[in-house]
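Working notes, beginning with the structure itself.
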Amino acid sequence: MNRKLTDKLATLIFTLFAAVIVLVLAALLSYVLYLGIQQVSWDFLTSKSSNFRAGGGIQDQLFNSFYILLWTMIFTIPLGLAGGIYMAEYAEDNKLTAIIRVCIETLASLPSIVLGMFGLLVFVNTFDIGYSVLSGALTLTIFNMPIMIRTCENAIRSVSPQQKEAGLALGYTHWRTITTVLLPSAFPSILTGIILSCGLVFGEAAALLYSAGMTTPNLDFGNWNPFAETSPLNIMRPAETLSVHVWKVNSEGIIPDIRDVADGGAAVLVTANLIFNISARLLGSWIHRKLTSK
Amino acid sequence: MVTVALPETIETAFDVQGLNIFYGAKQAINDIDLSIKKHEITALIGPSGCGKSTFLRSINRMNDDVPGFRAEGLIQYDDINLLTDNIDTVALRKEIGMVFQNPNPFPKSIAKNITQPLKEHGIRSKRKLTEQVETNLRRVGLWDEVRDRLDTSAYSLSGGQQQRLCIARALCIHPEVLLLDEPASALDPIATAKIEDLLLHLKDHYTIILVTHNLQQAARVADSTAFFYQGEVVEHTDTEQFFSNPKEKRSEDYISGRFG
């Protein structure tokens, strides 16, 4: 009787904890979305922000967020894959590997504002790239790389060792076993990891304040020459992202509709993150189904 | 002067002499000698941890990456000591195929499980690849069961079918030897019977070494049986003789179920 009671009690307590978590999340989400959705309109998404007057949109900031995300992923995915493959398949179990692991973990837990300062000192100042898409993307690469390395390493390690043995026993070299057996099997988890970290990168603000900057030149969406000063594609121009914009409007904006722009921006950010997370799940399970069943 | 014509003895595939295998400080194989004949099925039996799998995996060097693994002695194959440091494991494993305890087809289509290893070993011609899929699936008796769904995932097959696919995959790159590590222990009796039947057919063309926990299986399919116990080969002899009239007391105890 006593044991049964304890069991019931434990179930109850854990259900309560789960409920609290879900409630907090649901409250937060619905609050942000409720306030924001009223501000979000096609016009809000496709008009330029305004510095003084009410009624500005977030077009450039939204574009910048995606554009910096794109470059970050171009840098991060190869680095993360290479690091993950090394850690999972080549690193021997010794002191050096242990040190590398500590480095990666430390890097992963650095406050992003510290990384932002690092980006300012190294990319913006020392390399003299200035506040730019490139500086921002490089800074976010450092921010995201440890996560990518760990994601790839775990994905490769979670492939059944029997798959690896199958490849080796068929006379594949270690490298070919990695590329033809391990990576394809690890691909769904790697892809899910990439999309999830897209969400993190997309929402990051602190690391970008002093690397991608807090301004955007007057972008001309008719000009796709990547070297033109006002071209959206130019990677050497400053690029205020959406999350930086939300922060800036809130903290130092002088427009009369601060609250509206901030609410709308927040809602768009949250929605984008939701889309990233949900699509990661759907895509992951879709690929898994495709690989394992008929 | 009388020249002695070599009698029609069956040739030796593997000649093992003074083999010692260690995992760190622990000795897994203790100074064994063993001769394995070509085109026969040799069963390796013995209780868990007796070293039979360790021995099997040393033949195609699958233990090389195990930390602390060290092998001394001779595993002679065609005048080559397979334990030599500079052996080309890629060529070796192409020559000596392996099938594992749990079926491990690649998570790809049935056909690709055959074509991928072939491509890996340099066969590009589409016609040849298609032809090889059929040849090898026929060889394991799987062709008629799957001919209509070659493009479906190998995971849609039953366990026994998956294992036969793995055997076909091992055979498609034309090995001389097939190492099987308890290939039927995860299968039901009907699937097991099919695998055993297949092995009996294959032994005309391949040298087969079969590790098994199932004594009846060894008695049913093997030409000779080697009994491993605590890292030593207690007895290696003709299967019929081994089960009906073992020389060693420990063999008798084992087959009558007194330990193990």
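Ordered as shown in the structure tokens, chains take letters A, B, and onward, while each chain numbers its residues from 1 and ligands are numbered from 1 in the order shown.
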
Residues of chain B near chain A: apply a cut-off of 6 Å, count only C-alpha atoms, and supply the list as a list in words.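 So the contacting residues turn out to be Val90, Arg93, Lys94, Met98, Pro107, Thr152, Ser153, Tyr155 and Ser156 of chain B.
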
DSSP says helix (DSSP H, G or I) for which residues of range 57-210 of chain B? Put them as a PyMOL selection string? chain B and resi 57-59+89-95+110-120+126-139+143-149+154-156+159-171+189-202

What's the separation between CA of His121 in chain B and CA of Phe187 in chain A, in Å to one decimal place?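 Separating CA of His121 in chain B from CA of Phe187 in chain A is a distance of 23.8 Å.
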
For Ile178 in chain A, the nearest of the candidates A:Ala88, A:Ile58, A:Ile74, A:Val133, counting only C-alpha atoms: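 Going through A:Ala88, A:Ile58, A:Ile74, A:Val133 one by one, the smallest distance to Ile178 in chain A is for A:Ala88.
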
Interatomic distance, CA of Tyr23 in chain B to CA of Asn63 in chain B (Å, one decimal): 9.9 Å

May I ask for the distance between CA of Ala71 in chain B and CA of Ile29 in chain B, given in Å to one decimal place?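 These two atoms are separated by 8.8 Å.
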
Got a sec: who's within 12 Å of Trp247 in chain A, counting only C-alpha atoms, leaving out chain neighbours fewer than 6 positions off, as a list in words? Gly203, Glu204, Ala205, Ala206, Leu208, Leu209, Met214, Glu240, Thr241, Gly253, Ile258, Arg259, Val261, Ala262, Asp263, Gly265, Ala266 and Leu269 of chain A

With C-alpha atoms retained, export the selected residues as a JSON list (two decimals), in the first residue's frame.
```
[["chain", "number", "residue", "atom", "x", "y", "z"],
["A", 203, "GLY", "CA", 16.93, 34.86, -32.33],
["A", 204, "GLU", "CA", 20.40, 35.86, -31.15],
["A", 205, "ALA", "CA", 20.82, 39.55, -30.38],
["A", 206, "ALA", "CA", 23.66, 40.18, -27.93],
["A", 208, "LEU", "CA", 25.32, 40.85, -33.01],
["A", 209, "LEU", "CA", 25.04, 44.26, -31.33],
["A", 214, "MET", "CA", 22.62, 48.35, -35.12],
["A", 240, "GLU", "CA", 20.63, 45.21, -37.96],
["A", 241, "THR", "CA", 18.71, 42.00, -37.42],
["A", 253, "GLY", "CA", 13.98, 54.17, -29.84],
["A", 258, "ILE", "CA", 7.80, 51.81, -29.79],
["A", 259, "ARG", "CA", 5.48, 49.35, -28.12],
["A", 261, "VAL", "CA", 6.93, 47.78, -33.31],
["A", 262, "ALA", "CA", 8.48, 45.84, -30.44],
["A", 263, "ASP", "CA", 5.38, 43.70, -30.00],
["A", 265, "GLY", "CA", 8.81, 42.22, -34.02],
["A", 266, "ALA", "CA", 8.69, 39.88, -31.04],
["A", 269, "LEU", "CA", 10.65, 36.31, -33.99]]
```

So, with only C-alpha atoms as the atoms that count, which of A:Trp224, A:Phe123, A:Tyr131, A:Trp286 lies closest to Ser189 in chain A?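 Nearest candidate to Ser189 in chain A out of A:Trp224, A:Phe123, A:Tyr131, A:Trp286: A:Trp286.
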
So which residues touch Gln217 in chain B within 12 Å, counting only C-alpha atoms, skipping near sequence neighbours fewer than 3 positions away, as a PyMOL selection string? chain B and resi 41-45+182-185+189+192-197+199-200+210-214+220-223+225+239+243

Written file, previous selection with N, CA and C atoms, as a CSV table (one decimal), in the first residue's frame:
```
chain,number,residue,atom,x,y,z
B,41,ILE,N,32.4,-26.4,-43.8
B,41,ILE,CA,31.9,-25.5,-42.8
B,41,ILE,C,32.5,-25.9,-41.4
B,42,THR,N,33.2,-25.0,-40.8
B,42,THR,CA,33.8,-25.2,-39.5
B,42,THR,C,33.0,-24.5,-38.5
B,43,ALA,N,32.5,-25.2,-37.5
B,43,ALA,CA,31.7,-24.6,-36.5
B,43,ALA,C,32.6,-24.3,-35.3
B,44,LEU,N,32.5,-23.1,-34.7
B,44,LEU,CA,33.2,-22.8,-33.5
B,44,LEU,C,32.2,-22.7,-32.4
B,45,ILE,N,32.3,-23.6,-31.4
B,45,ILE,CA,31.3,-23.6,-30.3
B,45,ILE,C,32.0,-23.4,-29.0
B,182,GLU,N,27.4,-16.1,-35.2
B,182,GLU,CA,26.0,-16.4,-34.7
B,182,GLU,C,24.9,-15.9,-35.6
B,183,PRO,N,24.9,-16.2,-36.8
B,183,PRO,CA,24.1,-15.5,-37.8
B,183,PRO,C,22.6,-15.8,-37.6
B,184,ALA,N,22.3,-16.8,-36.9
B,184,ALA,CA,20.8,-17.2,-36.7
B,184,ALA,C,20.3,-17.0,-35.3
B,185,SER,N,21.1,-16.5,-34.4
B,185,SER,CA,20.7,-16.5,-33.0
B,185,SER,C,19.6,-15.5,-32.8
B,189,PRO,N,12.9,-20.3,-35.7
B,189,PRO,CA,13.4,-21.6,-36.2
B,189,PRO,C,13.2,-21.7,-37.7
B,192,THR,N,15.9,-19.7,-39.3
B,192,THR,CA,17.2,-20.4,-39.0
B,192,THR,C,17.4,-21.5,-40.0
B,193,ALA,N,16.3,-22.3,-40.2
B,193,ALA,CA,16.5,-23.5,-41.1
B,193,ALA,C,16.9,-23.0,-42.5
B,194,LYS,N,16.3,-21.9,-42.9
B,194,LYS,CA,16.6,-21.4,-44.2
B,194,LYS,C,18.1,-21.0,-44.3
B,195,ILE,N,18.6,-20.4,-43.3
B,195,ILE,CA,20.0,-19.9,-43.3
B,195,ILE,C,20.9,-21.2,-43.3
B,196,GLU,N,20.5,-22.2,-42.5
B,196,GLU,CA,21.4,-23.4,-42.4
B,196,GLU,C,21.4,-24.1,-43.8
B,197,ASP,N,20.2,-24.1,-44.4
B,197,ASP,CA,20.1,-24.7,-45.7
B,197,ASP,C,21.0,-24.0,-46.7
B,199,LEU,N,23.7,-22.2,-46.0
B,199,LEU,CA,25.1,-22.4,-45.8
B,199,LEU,C,25.6,-23.8,-46.4
B,200,LEU,N,24.7,-24.8,-46.3
B,200,LEU,CA,25.1,-26.1,-46.9
B,200,LEU,C,25.3,-26.0,-48.4
B,210,LEU,N,31.7,-20.7,-38.8
B,210,LEU,CA,30.5,-20.4,-38.2
B,210,LEU,C,30.6,-20.4,-36.7
B,211,VAL,N,30.4,-19.3,-36.1
B,211,VAL,CA,30.4,-19.3,-34.6
B,211,VAL,C,28.9,-19.5,-34.2
B,212,THR,N,28.7,-20.4,-33.3
B,212,THR,CA,27.3,-20.6,-32.9
B,212,THR,C,27.2,-21.1,-31.5
B,213,HIS,N,26.1,-20.7,-30.9
B,213,HIS,CA,25.8,-21.1,-29.5
B,213,HIS,C,24.9,-22.3,-29.6
B,214,ASN,N,24.4,-22.6,-30.8
B,214,ASN,CA,23.4,-23.6,-30.9
B,214,ASN,C,24.1,-24.9,-31.3
B,220,ARG,N,24.1,-30.0,-37.2
B,220,ARG,CA,23.4,-30.1,-38.5
B,220,ARG,C,24.2,-29.7,-39.7
B,221,VAL,N,25.0,-28.6,-39.6
B,221,VAL,CA,25.6,-28.0,-40.8
B,221,VAL,C,27.1,-28.2,-40.9
B,222,ALA,N,27.8,-28.4,-39.7
B,222,ALA,CA,29.3,-28.3,-39.8
B,222,ALA,C,29.9,-29.6,-40.2
B,223,ASP,N,31.0,-29.5,-41.0
B,223,ASP,CA,31.8,-30.6,-41.3
B,223,ASP,C,32.8,-30.9,-40.1
B,225,THR,N,34.0,-29.4,-36.1
B,225,THR,CA,33.6,-28.6,-35.0
B,225,THR,C,34.8,-28.4,-34.1
B,239,THR,N,32.8,-33.3,-37.2
B,239,THR,CA,31.6,-33.0,-36.4
B,239,THR,C,30.9,-34.2,-35.8
B,243,PHE,N,30.4,-35.0,-31.8
B,243,PHE,CA,29.1,-35.1,-31.0
B,243,PHE,C,28.8,-36.6,-30.5
```

Which neighbours of Ser231 in chain A fall inside 7 Å, counting only C-alpha atoms, when residues of the same chain fewer than 5 positions from it are skipped, and could you give them as a PyMOL selection string? chain A and resi 219-221+223-226

Just N, CA and C atoms for this one: save the residues we selected as a short mmCIF file (atom, residue, chain, number, x, y, z; two decimals), in the first residue's frame.
```cif
data_model
loop_
_atom_site.label_atom_id
_atom_site.label_comp_id
_atom_site.auth_asym_id
_atom_site.auth_seq_id
_atom_site.Cartn_x
_atom_site.Cartn_y
_atom_site.Cartn_z
N LEU A 219 18.55 49.98 -48.01
CA LEU A 219 18.66 48.87 -48.95
C LEU A 219 17.78 49.09 -50.17
N ASP A 220 18.34 48.76 -51.33
CA ASP A 220 17.59 48.84 -52.57
C ASP A 220 17.36 47.42 -53.07
N PHE A 221 16.14 46.92 -52.87
CA PHE A 221 15.87 45.52 -53.22
C PHE A 221 15.78 45.28 -54.72
N ASN A 223 18.52 46.07 -56.45
CA ASN A 223 19.93 46.01 -56.80
C ASN A 223 20.55 44.75 -56.21
N TRP A 224 20.81 43.76 -57.05
CA TRP A 224 21.31 42.49 -56.53
C TRP A 224 22.80 42.30 -56.79
N ASN A 225 23.47 43.38 -57.14
CA ASN A 225 24.92 43.31 -57.30
C ASN A 225 25.56 43.23 -55.91
N PRO A 226 26.17 42.12 -55.56
CA PRO A 226 26.63 41.92 -54.17
C PRO A 226 27.72 42.90 -53.74
#
```

Name the residues of range 48-144 of chain B that fall into strand (DSSP E) according to DSSP on the backbone, using the chain letters and numbers of this document, as a PyMOL selection string. chain B and resi 69-77+80-81+96-99

Could you name the residues that touch Thr130 in chain B at 12 Å or less, counting only C-alpha atoms, but leaving out those on the same chain fewer than 3 positions away, as a list in words?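 So, after excluding close chain neighbours, the residues are Ile110, Ala111, Lys112, Asn113, Ile114, Thr115, Gln116, Leu118, Lys119, Ile123, Arg124, Ser125, Lys126, Arg127, Val133, Glu134, Thr135, Asn136, Leu137, Arg147, Leu150, Asp151 and Cys172 of chain B.
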